[in-house]
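This is run_7.cif. It holds mmCIF, C-alpha atoms.
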```cif
data_target
#
loop_
_atom_site.group_PDB
_atom_site.id
_atom_site.type_symbol
_atom_site.label_atom_id
_atom_site.label_comp_id
_atom_site.auth_asym_id
_atom_site.auth_seq_id
_atom_site.Cartn_x
_atom_site.Cartn_y
_atom_site.Cartn_z
ATOM 1 C CA MET A 175 23.929 13.551 -13.766
ATOM 2 C CA ARG A 176 22.634 15.952 -11.070
ATOM 3 C CA GLN A 177 21.461 18.268 -13.850
ATOM 4 C CA ASN A 178 18.871 15.659 -14.916
ATOM 5 C CA PHE A 179 16.833 16.297 -11.763
ATOM 6 C CA THR A 180 14.811 19.164 -10.361
ATOM 7 C CA ASP A 181 15.700 20.347 -6.861
ATOM 8 C CA GLU A 182 12.617 18.573 -5.493
ATOM 9 C CA GLU A 183 13.509 15.302 -7.233
ATOM 10 C CA TRP A 184 17.104 15.527 -6.015
ATOM 11 C CA ALA A 185 15.899 16.108 -2.432
ATOM 12 C CA ILE A 186 13.748 12.970 -2.650
ATOM 13 C CA LEU A 187 16.744 10.957 -3.862
ATOM 14 C CA LEU A 188 18.979 12.346 -1.094
ATOM 15 C CA LYS A 189 16.500 11.265 1.593
ATOM 16 C CA ALA A 190 16.089 7.731 0.244
ATOM 17 C CA PRO A 191 18.924 5.978 2.141
ATOM 18 C CA LEU A 192 17.525 6.982 5.523
ATOM 19 C CA GLN A 193 14.006 6.089 4.414
ATOM 20 C CA GLY A 194 15.209 2.537 3.837
ATOM 21 C CA VAL A 195 16.770 2.512 7.303
ATOM 22 C CA MET A 196 13.531 3.805 8.829
ATOM 23 C CA ALA A 197 11.405 1.157 7.137
ATOM 24 C CA VAL A 198 13.605 -1.661 8.434
ATOM 25 C CA VAL A 199 13.833 -0.235 11.952
ATOM 26 C CA LEU A 200 10.050 0.044 12.136
ATOM 27 C CA ALA A 201 9.499 -3.511 10.875
ATOM 28 C CA ASP A 202 9.674 -5.227 14.253
ATOM 29 C CA GLN A 203 8.081 -4.344 17.555
ATOM 30 C CA VAL A 204 11.169 -4.504 19.752
ATOM 31 C CA ASP A 205 12.239 -3.003 23.020
ATOM 32 C CA PRO A 206 13.507 0.606 22.986
ATOM 33 C CA VAL A 207 17.139 -0.411 23.395
ATOM 34 C CA ALA A 208 17.060 -2.797 20.421
ATOM 35 C CA PHE A 209 15.186 -0.148 18.397
ATOM 36 C CA LEU A 210 17.869 2.471 19.105
ATOM 37 C CA GLN A 211 20.684 0.001 18.436
ATOM 38 C CA GLU A 212 19.260 -0.885 15.029
ATOM 39 C CA LEU A 213 18.554 2.766 14.227
ATOM 40 C CA MET A 214 22.109 3.780 15.073
ATOM 41 C CA ALA A 215 23.496 0.811 13.143
ATOM 42 C CA GLY A 216 21.478 1.920 10.099
ATOM 43 C CA ILE A 217 22.779 5.465 10.349
ATOM 44 C CA ARG A 218 26.343 4.173 10.638
ATOM 45 C CA ILE A 219 25.769 1.974 7.583
ATOM 46 C CA VAL A 220 24.638 5.002 5.582
ATOM 47 C CA GLU A 221 27.723 6.877 6.812
ATOM 48 C CA GLU A 222 29.963 3.995 5.716
ATOM 49 C CA GLU A 223 28.262 3.949 2.312
ATOM 50 C CA LEU A 224 29.046 7.640 1.889
ATOM 51 C CA GLN A 225 32.743 6.848 2.288
ATOM 52 C CA ARG A 226 32.805 4.068 -0.309
ATOM 53 C CA THR A 227 34.611 4.681 -3.567
ATOM 54 C CA ASP A 228 33.454 1.498 -5.287
ATOM 55 C CA ILE A 229 29.682 2.100 -5.522
ATOM 56 C CA ALA A 230 28.423 0.814 -8.871
ATOM 57 C CA GLY A 231 27.019 3.130 -11.500
ATOM 58 C CA GLU A 232 27.161 6.849 -11.947
ATOM 59 C CA LEU A 233 24.170 8.131 -9.991
ATOM 60 C CA ALA A 234 24.578 6.342 -6.639
ATOM 61 C CA PRO A 235 28.154 7.644 -6.141
ATOM 62 C CA GLN A 236 26.936 11.167 -6.950
ATOM 63 C CA LEU A 237 24.146 10.811 -4.391
ATOM 64 C CA ALA A 238 26.613 9.554 -1.788
ATOM 65 C CA GLN A 239 28.939 12.460 -2.554
ATOM 66 C CA ALA A 240 26.095 14.999 -2.350
ATOM 67 C CA ILE A 241 24.917 13.620 1.005
ATOM 68 C CA GLY A 242 28.524 13.748 2.230
ATOM 69 C CA GLU A 243 28.837 17.360 1.104
ATOM 70 C CA ILE A 244 25.670 18.262 3.001
ATOM 71 C CA ASP A 245 27.173 16.610 6.078
ATOM 72 C CA THR A 246 30.415 18.615 5.768
ATOM 73 C CA GLN A 247 28.382 21.832 5.892
ATOM 74 C CA ASP A 248 27.109 20.858 9.329
ATOM 75 C CA PRO A 249 29.212 22.236 12.202
ATOM 76 C CA LEU A 250 28.934 18.861 13.933
ATOM 77 C CA GLU A 251 31.102 15.937 12.969
ATOM 78 C CA GLY A 252 31.844 12.382 13.950
ATOM 79 C CA GLU A 253 29.688 10.937 16.725
ATOM 80 C CA GLN A 254 27.866 14.232 17.228
ATOM 81 C CA LEU A 255 26.739 14.307 13.598
ATOM 82 C CA LEU A 256 25.609 10.680 13.797
ATOM 83 C CA LEU A 257 23.607 11.446 16.944
ATOM 84 C CA LYS A 258 22.024 14.437 15.238
ATOM 85 C CA LYS A 259 20.959 12.228 12.332
ATOM 86 C CA GLU A 260 19.594 9.662 14.794
ATOM 87 C CA PHE A 261 17.509 12.310 16.570
ATOM 88 C CA GLU A 262 16.262 13.721 13.255
ATOM 89 C CA LEU A 263 15.118 10.268 12.166
ATOM 90 C CA ILE A 264 13.489 9.664 15.559
ATOM 91 C CA GLY A 265 11.747 13.027 15.162
ATOM 92 C CA LEU A 266 10.350 11.934 11.801
ATOM 93 C CA ILE A 267 9.271 8.587 13.224
ATOM 94 C CA GLN A 268 7.412 10.365 16.019
ATOM 95 C CA THR A 269 5.232 12.170 13.471
ATOM 96 C CA PHE A 270 3.571 8.884 12.527
ATOM 97 C CA LYS A 271 0.621 7.400 14.384
ATOM 98 C CA GLY A 272 2.318 4.020 14.401
ATOM 99 C CA SER A 273 5.021 1.908 12.840
ATOM 100 C CA LYS A 274 2.746 0.777 9.986
ATOM 101 C CA GLU A 275 2.247 4.385 8.916
ATOM 102 C CA GLY A 276 6.008 4.988 9.040
ATOM 103 C CA LYS A 277 6.722 1.893 6.943
ATOM 104 C CA ARG A 278 4.072 2.937 4.397
ATOM 105 C CA TYR A 279 5.663 6.396 4.227
ATOM 106 C CA ALA A 280 9.097 4.888 3.515
ATOM 107 C CA VAL A 281 7.730 2.468 0.914
ATOM 108 C CA GLU A 282 5.895 5.346 -0.776
ATOM 109 C CA HIS A 283 9.131 7.342 -0.750
ATOM 110 C CA PHE A 284 10.841 4.455 -2.552
ATOM 111 C CA ARG A 285 8.005 4.463 -5.135
ATOM 112 C CA LYS A 286 8.712 8.149 -5.769
ATOM 113 C CA VAL A 287 12.395 7.325 -6.155
ATOM 114 C CA ALA A 288 11.567 4.608 -8.701
ATOM 115 C CA ASP A 289 9.323 6.974 -10.661
ATOM 116 C CA ILE A 290 12.017 9.666 -10.720
ATOM 117 C CA LEU A 291 14.770 7.268 -11.732
ATOM 118 C CA GLU A 292 12.719 5.664 -14.476
ATOM 119 C CA ARG A 293 11.856 9.057 -15.949
ATOM 120 C CA LYS A 294 15.258 10.671 -15.667
ATOM 121 C CA VAL A 295 18.053 8.128 -16.156
ATOM 122 C CA THR A 296 18.788 5.106 -18.291
ATOM 123 C CA GLY A 297 17.929 1.635 -17.038
ATOM 124 C CA ILE A 298 21.409 0.598 -15.893
ATOM 125 C CA TYR A 299 21.948 3.776 -13.838
ATOM 126 C CA ALA A 300 18.490 3.429 -12.299
ATOM 127 C CA THR A 301 19.098 -0.225 -11.459
ATOM 128 C CA ASP A 302 22.505 0.466 -9.901
ATOM 129 C CA CYS A 303 21.020 3.200 -7.734
ATOM 130 C CA LYS A 304 18.078 1.028 -6.679
ATOM 131 C CA ARG A 305 20.427 -1.820 -5.764
ATOM 132 C CA TRP A 306 22.554 0.569 -3.706
ATOM 133 C CA LEU A 307 19.497 1.763 -1.781
ATOM 134 C CA MET A 308 18.378 -1.808 -1.187
ATOM 135 C CA SER A 309 21.864 -2.798 0.002
ATOM 136 C CA ILE A 310 21.640 -0.128 2.712
ATOM 137 C CA ALA A 311 18.251 -1.434 3.860
ATOM 138 C CA GLN A 312 19.534 -5.039 3.712
ATOM 139 C CA LYS A 313 22.643 -4.231 5.760
ATOM 140 C CA THR A 314 20.473 -2.443 8.314
ATOM 141 C CA ALA A 315 18.232 -5.501 8.596
ATOM 142 C CA GLU A 316 21.277 -7.723 9.079
ATOM 143 C CA SER A 317 22.861 -5.440 11.681
ATOM 144 C CA GLN A 318 20.956 -6.783 14.698
ATOM 145 C CA LYS A 319 19.846 -10.292 15.569
ATOM 146 C CA GLU A 320 16.077 -10.568 15.918
ATOM 147 C CA GLY A 321 13.931 -12.946 17.944
ATOM 148 C CA GLY A 322 15.021 -15.946 19.904
ATOM 149 C CA PHE A 323 15.562 -16.198 23.631
ATOM 150 C CA LEU A 324 18.826 -14.901 25.099
ATOM 151 C CA GLY A 325 20.262 -14.974 21.600
ATOM 152 C CA ILE A 326 19.367 -18.618 21.016
ATOM 153 C CA GLY A 327 17.341 -19.119 17.872
ATOM 154 C CA ALA A 328 17.777 -15.496 16.800
ATOM 155 C CA SER A 329 18.101 -14.688 13.116
ATOM 156 C CA ARG A 330 19.901 -11.926 11.249
ATOM 157 C CA ILE A 331 16.746 -10.840 9.424
ATOM 158 C CA SER A 332 13.349 -11.294 10.980
ATOM 159 C CA GLU A 333 10.306 -12.306 8.965
ATOM 160 C CA LYS A 334 8.859 -8.791 9.307
ATOM 161 C CA GLU A 335 12.119 -7.217 8.156
ATOM 162 C CA SER A 336 12.159 -9.581 5.215
ATOM 163 C CA ASP A 337 8.620 -8.469 4.357
ATOM 164 C CA VAL A 338 9.652 -4.809 4.518
ATOM 165 C CA LEU A 339 12.658 -5.482 2.289
ATOM 166 C CA LYS A 340 10.343 -7.129 -0.236
ATOM 167 C CA ASP A 341 7.982 -4.137 -0.046
ATOM 168 C CA LEU A 342 10.871 -1.725 -0.622
ATOM 169 C CA ALA A 343 12.182 -3.748 -3.574
ATOM 170 C CA GLU A 344 8.687 -3.930 -5.024
ATOM 171 C CA ALA A 345 8.288 -0.168 -4.624
ATOM 172 C CA LEU A 346 11.563 0.313 -6.505
ATOM 173 C CA ARG A 347 10.362 -2.197 -9.108
ATOM 174 C CA LEU A 348 13.529 -4.172 -8.462
ATOM 175 C CA GLU A 349 13.817 -7.951 -8.492
ATOM 176 C CA LEU A 350 15.404 -9.375 -5.323
#
```
Mind turning this structure into structure tokens?
Amino acid sequence: MRQNFTDEEWAILLKAPLQGVMAVVLADQVDPVAFLQELMAGIRIVEEELQRTDIAGELAPQLAQAIGEIDTQDPLEGEQLLLKKEFELIGLIQTFKGSKEGKRYAVEHFRKVADILERKVTGIYATDCKRWLMSIAQKTAESQKEGGFLGIGASRISEKESDVLKDLAEALRLEL
């Protein structure tokens, strides 16, 4: 299926999982510790997804495999590789004037993904890939409790994270 895409299109698809993580992490204005915890949780979720052998469809498993192959070319591994990915994502986030700009960037990235998928693959493969990307964003949103006081009244997904998830799904033209 890789042959269906140009190098530029493939690069956009390969970056999509971390774009979903970034959008969710930027959804809430939280303290730096909570921000870093959610960011690292998102990166770990992507890493776990790369190890899965039961991802639906044909395209999403190929993307996961390609991202994994890129990771194996890096001299770092384990925790060091995860930290490198965290710092790279923080570096990208720092290029934005604010969290709204970062979220818009990620949502726009998902729109590009939707356009590419709809032009290049059949509906079922596109849908499976979109659902996989959304599952990563969803798991990231669920990874940290948000709001409340001393954990009381906190929820798994904040209202702002829920809004970002809706924006990402809309950008992918995917029904939640």
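Interatomic distance, atom CA of A:Asn178 against atom CA of A:Asp248: 26.1 Å.
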Explicit residue set for the PyMOL selection byres ((chain A and resi 338) around 8), as an NGL selection string: :A and (197-198 or 201 or 277 or 334-337 or 339-342)
Spatial neighbours of stretch 217-221 of chain A, 7 Å, only C-alpha atoms, chain gap at least 6 places, as JSON, numbers by chain: {"A": [191, 256, 260, 310, 314]}
Residue among A:Gln247, A:Ser332, A:Gln177, A:Gln225 lying closest to A:Glu316, counting all atoms listed in the file: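 Closest to A:Glu316, using all atoms listed in the file: A:Ser332.
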Tell me which protein, DNA and RNA residues are within 8 Å of stretch 279-295 of chain A, counting only C-alpha atoms, leaving out same-chain ones fewer than 5 positions away, and put them as a compact mmCIF listing (two decimals) with C-alpha atoms, in the coordinates of the input.
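Contents of result-v3.txt, as written:
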```txt
# COMPACT_ATOMS: atom_id res chain seq x y z
CA ASN A 178 18.87 15.66 -14.92
CA PHE A 179 16.83 16.30 -11.76
CA GLU A 183 13.51 15.30 -7.23
CA ILE A 186 13.75 12.97 -2.65
CA LEU A 187 16.74 10.96 -3.86
CA ALA A 190 16.09 7.73 0.24
CA GLN A 193 14.01 6.09 4.41
CA GLY A 194 15.21 2.54 3.84
CA MET A 196 13.53 3.80 8.83
CA ALA A 197 11.40 1.16 7.14
CA ALA A 300 18.49 3.43 -12.30
CA LYS A 304 18.08 1.03 -6.68
CA ASP A 341 7.98 -4.14 -0.05
CA LEU A 342 10.87 -1.72 -0.62
CA ALA A 345 8.29 -0.17 -4.62
CA LEU A 346 11.56 0.31 -6.50
CA ARG A 347 10.36 -2.20 -9.11
```
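Put simply, atom CA of A:Asp302 is 23.1 Å away from atom CA of A:Ile331.
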Closest of A:Ile244, A:Leu224, A:Leu233, A:Leu266 to A:Gly297 - atom-to-atom distances counting all atoms listed in the file: A:Leu233
Distance in Å - atom CA of A:Ala185 versus atom CA of A:Lys258: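 The value is 18.8 Å.
Each of A:Glu212, A:Ile267, A:Ala238, A:Asp202 was compared to A:Trp184 using all atoms listed in the file, and A:Ala238 turns out to be the nearest.
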Pick from A:Trp306, A:Leu192, A:Leu200, A:Ile298, whichever lies nearest to A:Arg278 using all atoms listed in the file: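 Using all atoms listed in the file, the shortest distance to A:Arg278 belongs to A:Leu200.
Counting all atoms listed in the file, the residue from A:Thr296, A:Ser309, A:Ser273, A:Gln203 that sits nearest to A:Ile229 is A:Ser309.
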Picked residues, the PyMOL selection byres ((chain A and resi 257) around 12), expected as a ChimeraX atom specification: /A:210-211,213-218,221,250-256,258-264
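Compared by their closest atoms to A:Ile241, and using only C-alpha atoms, the residues A:Val204, A:Leu188, A:Val195, A:Met175 rank with A:Leu188 nearest.
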Would you compute an axis-aligned box for stretch 196-199 of chain A, covering every atom listed for it in the file with 3 Å of margin on each side, and report centre and edge lengths in Å to one decimal as AutoDock Vina command-line options?
```
--center_x 12.6 --center_y 1.1 --center_z 9.5 --size_x 8.4 --size_y 11.5 --size_z 10.8
```
